[in-house]
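First the structure, in the form of structure tokens, and then the observations on it.
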Amino acid sequence: MAIETKLPFDQQYVRTFSEGRGEPSWLLDLRLQALAKAEELPLPKPDKTKIDKWNFTQFANHVVQSAPLSSLEELPEAVKALIDLNEEAKNLYVQRDHTPAYLSLSEDLKQKGVIFTDIFTAVREHGELVQKYFMKDGVQVDEHRLTALHAALLNGGVFVYVPKNVEVQTPLQAVYIQEKEDTALFNHIIVVAEDNSKVAYVENYISLAEEANAVVNIVAEVFANTNARVFFAAVDHLAKGITAYVNRRGIAGRDGRIEWALGLMNDGDTVSENITRLIGDGSYGDTKTVVVGRGKQTQNFTTSVIHYGKHTEGYILKHGVVKDSATSIFNGIGKIEHGASKSNAEQESRVLMLNEKARGDANPILLIDEDDVTAGHAASVGRVDPTQLYYLMSRGIPKAEAERLIIHGFLAPVVNEIPLESVKKQLIEIIERKVK
Amino acid sequence: MAVLTIRDLHVSVEGKEILKGVNLEVKGGEIHAIMGPNGTGKSTLSSAIMGHPKYEVTKGSITLDGQDVLEMEVDERARAGLFLAMQYPSEISGVTNADFLRTAINARLGEGNEISLMKFIRKLDEKMSFLEMNPDMAHRYLNEGFSGGEKKRNEILQLLMLEPKIAILDEIDSGLDIDALKIVSKGVNEMRSSDFGCLIITHYQRLLNYITPDYVHVMMQGRIVKSGGPELAQRLEAEGYDWIKKELGIEDETVEQEV
Ligand SMILES: Nc1ncnc2c1ncn2[C@@H]1O[C@H](COP(=O)(O)OP(=O)(O)OP(=O)(O)O)[C@@H](O)[C@H]1O
Ligand SMILES: [Mg+2]
């Protein structure tokens, strides 16, 4: 086979990299074991997309050094647009490739014990906490080659920790900038909300170049402990030429709530997986995803809510637009385990295809191992409804504008959920550009 | 003054001829009512005037102030001054009523002449309160989850906001309770002027008690078979359609009848 599967980095490299950052031995050991596993484990197998020829392992730069920012004014316009520069009390982290470039967290939150910092600082300063959550109960190192590779080559990310009973009112925002076109990113996000706490976290992935040649491997682990509430919003907008693996996973404890609003706008080939595990009784998971596929890209989106606890509720909503000769596969899985009685699993997957050559596929799956539950799903793959178009046009709106309105309306479920105006605006603009 | 002229209009749907020679002229200042049993071609006429893509005009002409309407796209017809309140309005998720209306108004005004947000909001508030609509309806998604009556009221809101020259109201009264019927009628009467012509399709005389028509037409077999004044509607209400069928020797009034 032509594709190179040998990893470009060896044990010695990983050891030097880890020691250079002064990482504790538990992390070095974890990395070394992960690297060994990455050599032998197979790639994941997303349903209905063959990824064995995709390049997830070969890249030029594992780490580049960038300068921290002395002021947000130094940021390029595209990034500035994501940030509310006027807001004094912002909770913001900016990462330039692998360098933590800017961080601010309100005094009030610091006082209350909230942690919001880059992952390496967190490892140094809050090692035990990070160790407790890092690739243990959320995403495991040995799930497949890409999770193992992620652990071995981890080179960015943030750690969010909200102590018991603390409610964070202003969302925490993280912006990950891909500045150099050939830089690989292995970004890890951990969000921990302790009992009765509440937090909203919003992240942006943005490439400065129109076209890149890189590998991005993202893992996010979200924990809503007893009666905690986490809102997680993301706008991924990585450039064409970037092969991305994105794994976002949530674990909800008793009466915990996790809500996702994901705008998946990458221009390269992407495998995106979002699983919410409703472990505790009475927990709640709601995942809303919107997607635009264009050009020749192939994307696979798997969204799953797994019910373990009793009286759990899981909702999946996915709306995708596919144009040009792009392919988008939408797998939605609602799974109710034995014992999760009185639970409810609902999902809706809809795909709009704008061209003859575009390919979209919605596969809703319900796996139910318990009698006393309710579940439902709706799925459709189709084109812009001519009756809706006619209605809008009959009010004088030109066809192109009418189509635009319908498409934006179709993608509104996530747009409307984004809690930061600047990010919401950016998502609308990205959609505008992509569907044009 | 606007004039909508329909001459010998023949319309087919999926190869089947529905309208078989309709002649009608609606001028600014006039209110016409079209009545007729189910399935006789009333909605087909309104769809053909507006340009619904499913309805194919096989013969005849439609002009607005001498301009060939049949040459125009649906949106051009609207911008030329036509409006159709639909029997079954579409629901459009994710697009708010207010955004939709503003887009529609701006499409008429053209680039560079857009309505200011302030002015738009003022006009919208005014028209909504005139129609006794809950202000929340402006921010709801277009017709999504609206009750039957709310949808009809929303069609009239669009009429008041867009101020067309000629409006066709297809069963605007169906599903309305008596209070809503009065409000919708009030909306239409508000538009009444020498610059506004209206074609009302209805099954019920009661709407015409509130909006007095100048002309009443009866449609059967895809044609207008009888025309008269408001008294015609009253007679239809009292006696039904049998007397017309007898008078004209019609047995099957639907469009199925081959002539
Ligand atoms: N899109 C369509 N496809 C197939 N048949 C159609 C279509 N539209 C109309 N027809 C047929 O044309 C005939 C006339 O329909 P139309 O809707 O114009 O009647 P109408 O007079 O408006 O009836 P109603 O009073 O029930 O609203 C009916 O037989 C109807 O089934
Ligand atoms: Mg009808």
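Ligands are numbered from 1 in the order shown, chains are lettered A, B, ... in the order of the structure tokens, and residues start at 1 in each chain.
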request  = Give me, as a PyMOL selection string, the contact residues of chain A against chain B at a cut-off of 7 Å, counting only C-alpha atoms.
outcome  = chain A and resi 388+390-391+393-398+405-406+409-410+412
**Message:** How would you report the residues lying within 8 Å of ligand 2, as a list of chain:residue names, if you count only C-alpha atoms and all ligand atoms?
**Reply:**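 After applying the 8 Å limit, what remains is B:Asn38, B:Gly39, B:Gly41, B:Lys42, B:Ser43, B:Thr44, B:Gln87, B:Asp170, B:Glu171, B:Ile201.
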Could you dump the residues just selected with all heavy atoms as a compact mmCIF listing (two decimals), in the first residue's frame?
# COMPACT_ATOMS: atom_id res chain seq x y z
N ASN B 38 -65.99 22.78 -4.55
CA ASN B 38 -64.63 22.26 -4.42
C ASN B 38 -64.15 21.68 -5.75
O ASN B 38 -64.92 21.10 -6.51
CB ASN B 38 -64.59 21.12 -3.39
CG ASN B 38 -64.87 21.61 -1.98
OD1 ASN B 38 -65.74 21.08 -1.30
ND2 ASN B 38 -64.16 22.63 -1.55
N GLY B 39 -62.86 21.85 -5.99
CA GLY B 39 -62.24 21.20 -7.15
C GLY B 39 -62.67 21.78 -8.48
O GLY B 39 -62.63 21.08 -9.50
N GLY B 41 -61.28 24.67 -9.74
CA GLY B 41 -60.17 25.39 -10.36
C GLY B 41 -59.85 26.74 -9.76
O GLY B 41 -59.03 27.48 -10.30
N LYS B 42 -60.43 27.08 -8.62
CA LYS B 42 -60.22 28.41 -8.04
C LYS B 42 -58.76 28.61 -7.60
O LYS B 42 -58.13 29.62 -7.93
CB LYS B 42 -61.18 28.63 -6.85
CG LYS B 42 -62.65 28.50 -7.23
CD LYS B 42 -63.59 28.73 -6.06
CE LYS B 42 -63.38 27.76 -4.90
NZ LYS B 42 -63.68 26.35 -5.23
N SER B 43 -58.24 27.65 -6.85
CA SER B 43 -56.84 27.78 -6.41
C SER B 43 -55.89 27.67 -7.59
O SER B 43 -54.83 28.31 -7.60
CB SER B 43 -56.50 26.71 -5.37
OG SER B 43 -57.22 26.94 -4.18
N THR B 44 -56.27 26.87 -8.56
CA THR B 44 -55.43 26.75 -9.76
C THR B 44 -55.29 28.11 -10.44
O THR B 44 -54.20 28.50 -10.86
CB THR B 44 -56.06 25.72 -10.73
OG1 THR B 44 -56.18 24.48 -10.04
CG2 THR B 44 -55.20 25.55 -11.97
N GLN B 87 -53.93 29.56 0.19
CA GLN B 87 -54.84 28.70 0.95
C GLN B 87 -54.06 27.90 2.00
O GLN B 87 -54.51 27.74 3.12
CB GLN B 87 -55.59 27.77 -0.02
CG GLN B 87 -56.68 26.97 0.66
CD GLN B 87 -57.56 26.19 -0.35
OE1 GLN B 87 -57.37 26.28 -1.56
NE2 GLN B 87 -58.52 25.45 0.18
N ASP B 170 -56.91 33.59 -1.29
CA ASP B 170 -57.49 32.27 -1.51
C ASP B 170 -57.97 31.68 -0.18
O ASP B 170 -57.17 31.25 0.63
CB ASP B 170 -56.46 31.35 -2.18
CG ASP B 170 -57.10 30.08 -2.72
OD1 ASP B 170 -58.31 29.87 -2.50
OD2 ASP B 170 -56.37 29.29 -3.36
N GLU B 171 -59.27 31.66 0.00
CA GLU B 171 -59.89 31.13 1.22
C GLU B 171 -59.24 31.69 2.48
O GLU B 171 -58.86 30.96 3.39
CB GLU B 171 -59.84 29.60 1.22
CG GLU B 171 -60.66 29.05 0.07
CD GLU B 171 -61.09 27.60 0.29
OE1 GLU B 171 -61.10 27.15 1.45
OE2 GLU B 171 -61.44 26.96 -0.70
N ILE B 201 -61.28 34.63 -3.08
CA ILE B 201 -61.85 33.30 -3.31
C ILE B 201 -62.43 32.82 -1.99
O ILE B 201 -61.74 32.81 -0.97
CB ILE B 201 -60.77 32.32 -3.80
CG1 ILE B 201 -60.23 32.79 -5.16
CG2 ILE B 201 -61.33 30.91 -3.89
CD1 ILE B 201 -58.99 32.05 -5.62
- Task: Determine, counting only C-alpha atoms, which protein, DNA and RNA residues have an atom within 12 Å of an atom of Asp136 of chain B; residues of the same chain fewer than 4 positions away are not included. Present the result as a PyMOL selection string.
- Result: chain B and resi 96-98+124-125+128-129+132+140-142+146
Q) Excluding same-chain residues fewer than 3 positions from Lys59 of chain B, what lies within 12 Å of it counting only C-alpha atoms, as a list in words? A) Ile6, Arg7, Asp8, Leu9, His10, Val11, Ser12, Glu17, Ile18, Leu19, Lys20, Gly21, Val22, Asn23, Ala48, Glu56, Ile62 and Leu70 of chain B
#### Entry: Residues within 10 Å of segment 110-113 of chain A, only C-alpha atoms, excluding chain neighbours under 2 positions, as number ranges by chain
A: 105-108, 115-116, 161-168
Store the residues picked out above, limited to all heavy atoms, as a tab-separated table (two decimals), in the first residue's frame.
chain	number	residue	atom	x	y	z
A	105	LEU	N	-8.82	35.66	32.87
A	105	LEU	CA	-9.92	35.05	33.63
A	105	LEU	C	-10.29	36.06	34.70
A	105	LEU	O	-9.42	36.63	35.35
A	105	LEU	CB	-9.45	33.74	34.28
A	105	LEU	CG	-10.47	33.00	35.14
A	105	LEU	CD1	-11.65	32.51	34.32
A	105	LEU	CD2	-9.82	31.83	35.86
A	106	SER	N	-11.56	36.29	34.86
A	106	SER	CA	-11.96	37.35	35.79
A	106	SER	C	-11.50	37.03	37.22
A	106	SER	O	-11.42	35.87	37.62
A	106	SER	CB	-13.47	37.55	35.74
A	106	SER	OG	-14.12	36.52	36.44
A	107	GLU	N	-11.18	38.10	37.94
A	107	GLU	CA	-10.71	37.96	39.33
A	107	GLU	C	-11.71	37.17	40.15
A	107	GLU	O	-11.36	36.29	40.93
A	107	GLU	CB	-10.56	39.36	39.97
A	107	GLU	CG	-9.17	39.95	39.87
A	107	GLU	CD	-8.06	38.94	40.14
A	107	GLU	OE1	-8.09	38.28	41.21
A	107	GLU	OE2	-7.17	38.80	39.28
A	108	ASP	N	-12.97	37.50	39.94
A	108	ASP	CA	-14.05	36.88	40.68
A	108	ASP	C	-14.00	35.35	40.53
A	108	ASP	O	-14.09	34.61	41.50
A	108	ASP	CB	-15.38	37.45	40.17
A	108	ASP	CG	-16.56	36.75	40.77
A	108	ASP	OD1	-16.60	36.65	42.01
A	108	ASP	OD2	-17.43	36.28	40.00
A	115	ILE	N	-10.60	27.19	37.46
A	115	ILE	CA	-9.34	27.06	36.72
A	115	ILE	C	-9.64	27.14	35.23
A	115	ILE	O	-10.55	26.46	34.74
A	115	ILE	CB	-8.64	25.72	37.02
A	115	ILE	CG1	-8.35	25.58	38.52
A	115	ILE	CG2	-7.35	25.59	36.22
A	115	ILE	CD1	-7.91	24.17	38.93
A	116	PHE	N	-8.91	28.00	34.56
A	116	PHE	CA	-9.03	28.11	33.11
A	116	PHE	C	-7.64	28.43	32.62
A	116	PHE	O	-7.16	29.55	32.76
A	116	PHE	CB	-10.02	29.23	32.78
A	116	PHE	CG	-10.23	29.47	31.29
A	116	PHE	CD1	-10.36	28.41	30.39
A	116	PHE	CD2	-10.33	30.77	30.79
A	116	PHE	CE1	-10.59	28.65	29.04
A	116	PHE	CE2	-10.55	31.01	29.44
A	116	PHE	CZ	-10.68	29.95	28.56
A	161	TYR	N	-11.86	23.99	35.01
A	161	TYR	CA	-12.35	23.33	36.23
A	161	TYR	C	-13.24	24.29	37.00
A	161	TYR	O	-12.83	25.40	37.32
A	161	TYR	CB	-11.17	22.89	37.10
A	161	TYR	CG	-11.60	22.18	38.37
A	161	TYR	CD1	-11.93	20.82	38.36
A	161	TYR	CD2	-11.70	22.89	39.57
A	161	TYR	CE1	-12.35	20.17	39.51
A	161	TYR	CE2	-12.11	22.25	40.74
A	161	TYR	CZ	-12.43	20.89	40.71
A	161	TYR	OH	-12.85	20.26	41.85
A	162	VAL	N	-14.46	23.87	37.25
A	162	VAL	CA	-15.39	24.71	38.00
A	162	VAL	C	-15.75	23.99	39.29
A	162	VAL	O	-16.33	22.90	39.26
A	162	VAL	CB	-16.66	25.01	37.18
A	162	VAL	CG1	-17.58	25.98	37.92
A	162	VAL	CG2	-16.30	25.56	35.80
A	163	PRO	N	-15.36	24.58	40.44
A	163	PRO	CA	-15.61	23.90	41.72
A	163	PRO	C	-17.10	23.79	42.04
A	163	PRO	O	-17.92	24.44	41.40
A	163	PRO	CB	-14.91	24.79	42.74
A	163	PRO	CG	-14.07	25.75	41.97
A	163	PRO	CD	-14.68	25.87	40.62
A	164	LYS	N	-17.36	23.00	43.05
A	164	LYS	CA	-18.72	22.80	43.54
A	164	LYS	C	-19.48	24.11	43.73
A	164	LYS	O	-18.93	25.08	44.24
A	164	LYS	CB	-18.67	22.14	44.92
A	164	LYS	CG	-18.88	20.66	44.87
A	164	LYS	CD	-18.95	20.09	46.29
A	164	LYS	CE	-18.83	18.58	46.18
A	164	LYS	NZ	-18.58	17.92	47.43
A	165	ASN	N	-20.73	24.11	43.34
A	165	ASN	CA	-21.65	25.22	43.60
A	165	ASN	C	-21.29	26.55	42.93
A	165	ASN	O	-21.92	27.56	43.20
A	165	ASN	CB	-21.81	25.49	45.11
A	165	ASN	CG	-22.25	24.24	45.84
A	165	ASN	OD1	-23.05	23.47	45.32
A	165	ASN	ND2	-21.73	24.04	47.04
A	166	VAL	N	-20.28	26.54	42.06
A	166	VAL	CA	-19.92	27.80	41.39
A	166	VAL	C	-20.63	27.90	40.05
A	166	VAL	O	-20.61	26.97	39.25
A	166	VAL	CB	-18.39	27.90	41.17
A	166	VAL	CG1	-18.05	29.12	40.33
A	166	VAL	CG2	-17.68	27.93	42.51
A	167	GLU	N	-21.29	29.03	39.84
A	167	GLU	CA	-21.92	29.24	38.55
A	167	GLU	C	-21.16	30.30	37.78
A	167	GLU	O	-21.04	31.44	38.23
A	167	GLU	CB	-23.38	29.67	38.74
A	167	GLU	CG	-24.22	28.57	39.35
A	167	GLU	CD	-25.72	28.76	39.12
A	167	GLU	OE1	-26.10	29.77	38.50
A	167	GLU	OE2	-26.48	27.88	39.58
A	168	VAL	N	-20.63	29.92	36.64
A	168	VAL	CA	-19.88	30.87	35.82
A	168	VAL	C	-20.88	31.53	34.87
A	168	VAL	O	-21.51	30.86	34.06
A	168	VAL	CB	-18.79	30.14	35.01
A	168	VAL	CG1	-18.04	31.13	34.11
A	168	VAL	CG2	-17.83	29.42	35.94
request  = Please identify which residues in segment 119-203 of chain A DSSP calls strand (DSSP E or B) from the backbone, and express them as a PyMOL selection string.
outcome  = chain A and resi 156-162+167+172-178+183+185-193+198-203
Could those selected residues go to a file with C-alpha atoms, as an mmCIF file, in the first residue's frame?
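Ended up saving to again.cif:
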data_model
loop_
_atom_site.group_PDB
_atom_site.id
_atom_site.type_symbol
_atom_site.label_atom_id
_atom_site.label_comp_id
_atom_site.auth_asym_id
_atom_site.auth_seq_id
_atom_site.Cartn_x
_atom_site.Cartn_y
_atom_site.Cartn_z
ATOM 1 C CA GLY A 156 -2.012 21.998 23.005
ATOM 2 C CA GLY A 157 -5.335 22.580 24.682
ATOM 3 C CA VAL A 158 -6.981 23.867 27.826
ATOM 4 C CA PHE A 159 -8.160 22.713 31.175
ATOM 5 C CA VAL A 160 -11.356 24.085 32.680
ATOM 6 C CA TYR A 161 -12.353 23.325 36.226
ATOM 7 C CA VAL A 162 -15.387 24.714 37.998
ATOM 8 C CA GLU A 167 -21.919 29.239 38.546
ATOM 9 C CA LEU A 172 -15.240 30.921 28.769
ATOM 10 C CA GLN A 173 -13.870 31.333 25.279
ATOM 11 C CA ALA A 174 -10.940 29.540 23.673
ATOM 12 C CA VAL A 175 -9.567 30.399 20.244
ATOM 13 C CA TYR A 176 -7.147 27.981 18.587
ATOM 14 C CA ILE A 177 -5.365 29.560 15.667
ATOM 15 C CA GLN A 178 -3.626 27.461 13.090
ATOM 16 C CA THR A 183 1.699 22.388 11.647
ATOM 17 C CA LEU A 185 -2.248 20.071 16.269
ATOM 18 C CA PHE A 186 -3.006 17.494 18.952
ATOM 19 C CA ASN A 187 -5.289 19.566 21.081
ATOM 20 C CA HIS A 188 -6.842 18.354 24.293
ATOM 21 C CA ILE A 189 -9.684 20.030 26.140
ATOM 22 C CA ILE A 190 -10.957 19.032 29.531
ATOM 23 C CA VAL A 191 -13.998 20.687 31.059
ATOM 24 C CA VAL A 192 -14.904 19.604 34.563
ATOM 25 C CA ALA A 193 -18.003 20.957 36.261
ATOM 26 C CA LYS A 198 -22.579 25.651 35.826
ATOM 27 C CA VAL A 199 -20.376 26.751 32.936
ATOM 28 C CA ALA A 200 -20.491 27.596 29.251
ATOM 29 C CA TYR A 201 -17.375 27.016 27.148
ATOM 30 C CA VAL A 202 -17.089 28.252 23.559
ATOM 31 C CA GLU A 203 -14.243 27.266 21.259
#
Which of segment 122-174 of chain B counts as alpha helix (DSSP H) under DSSP, as a PyMOL selection string please?
chain B and resi 122-130+148-162
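Distance annotation: of A:Asp118, A:Asp84, A:Asp286, A:Glu143, the residue with the minimal separation from Pro100 of chain A is A:Asp118; atom set is only C-alpha atoms.
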Note to self: Could you list, as number ranges by chain, every residue within 6 Å of Cys198 of chain B, counting only C-alpha atoms and ignoring same-chain residues fewer than 6 positions away?
What the structure shows: B: 31, 166-168
Put those residues in a file: N, CA and C atoms, as an mmCIF file, in the first residue's frame.
data_model
loop_
_atom_site.group_PDB
_atom_site.id
_atom_site.type_symbol
_atom_site.label_atom_id
_atom_site.label_comp_id
_atom_site.auth_asym_id
_atom_site.auth_seq_id
_atom_site.Cartn_x
_atom_site.Cartn_y
_atom_site.Cartn_z
ATOM 1 N N ILE B 31 -63.388 45.122 -5.910
ATOM 2 C CA ILE B 31 -63.267 43.859 -5.182
ATOM 3 C C ILE B 31 -64.104 42.818 -5.914
ATOM 4 N N ILE B 166 -52.543 44.500 -6.687
ATOM 5 C CA ILE B 166 -53.636 43.541 -6.849
ATOM 6 C C ILE B 166 -53.365 42.356 -5.929
ATOM 7 N N ALA B 167 -54.336 42.022 -5.085
ATOM 8 C CA ALA B 167 -54.162 40.884 -4.189
ATOM 9 C C ALA B 167 -55.199 39.819 -4.492
ATOM 10 N N ILE B 168 -54.756 38.573 -4.385
ATOM 11 C CA ILE B 168 -55.677 37.448 -4.508
ATOM 12 C C ILE B 168 -55.688 36.767 -3.145
#
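Here atom CA of Val271 of chain A and atom CA of Asp29 of chain A stand 27.8 Å from one another.
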Would you mind listing what lies within 9 Å of Leu160 of chain B as a list of chain:residue names, with only C-alpha atoms counted and same-chain residues fewer than 4 positions away left out? B:Lys127, B:Glu155, B:Ile156, B:Pro164, B:Gly187, B:Val188, B:Glu190, B:Met191
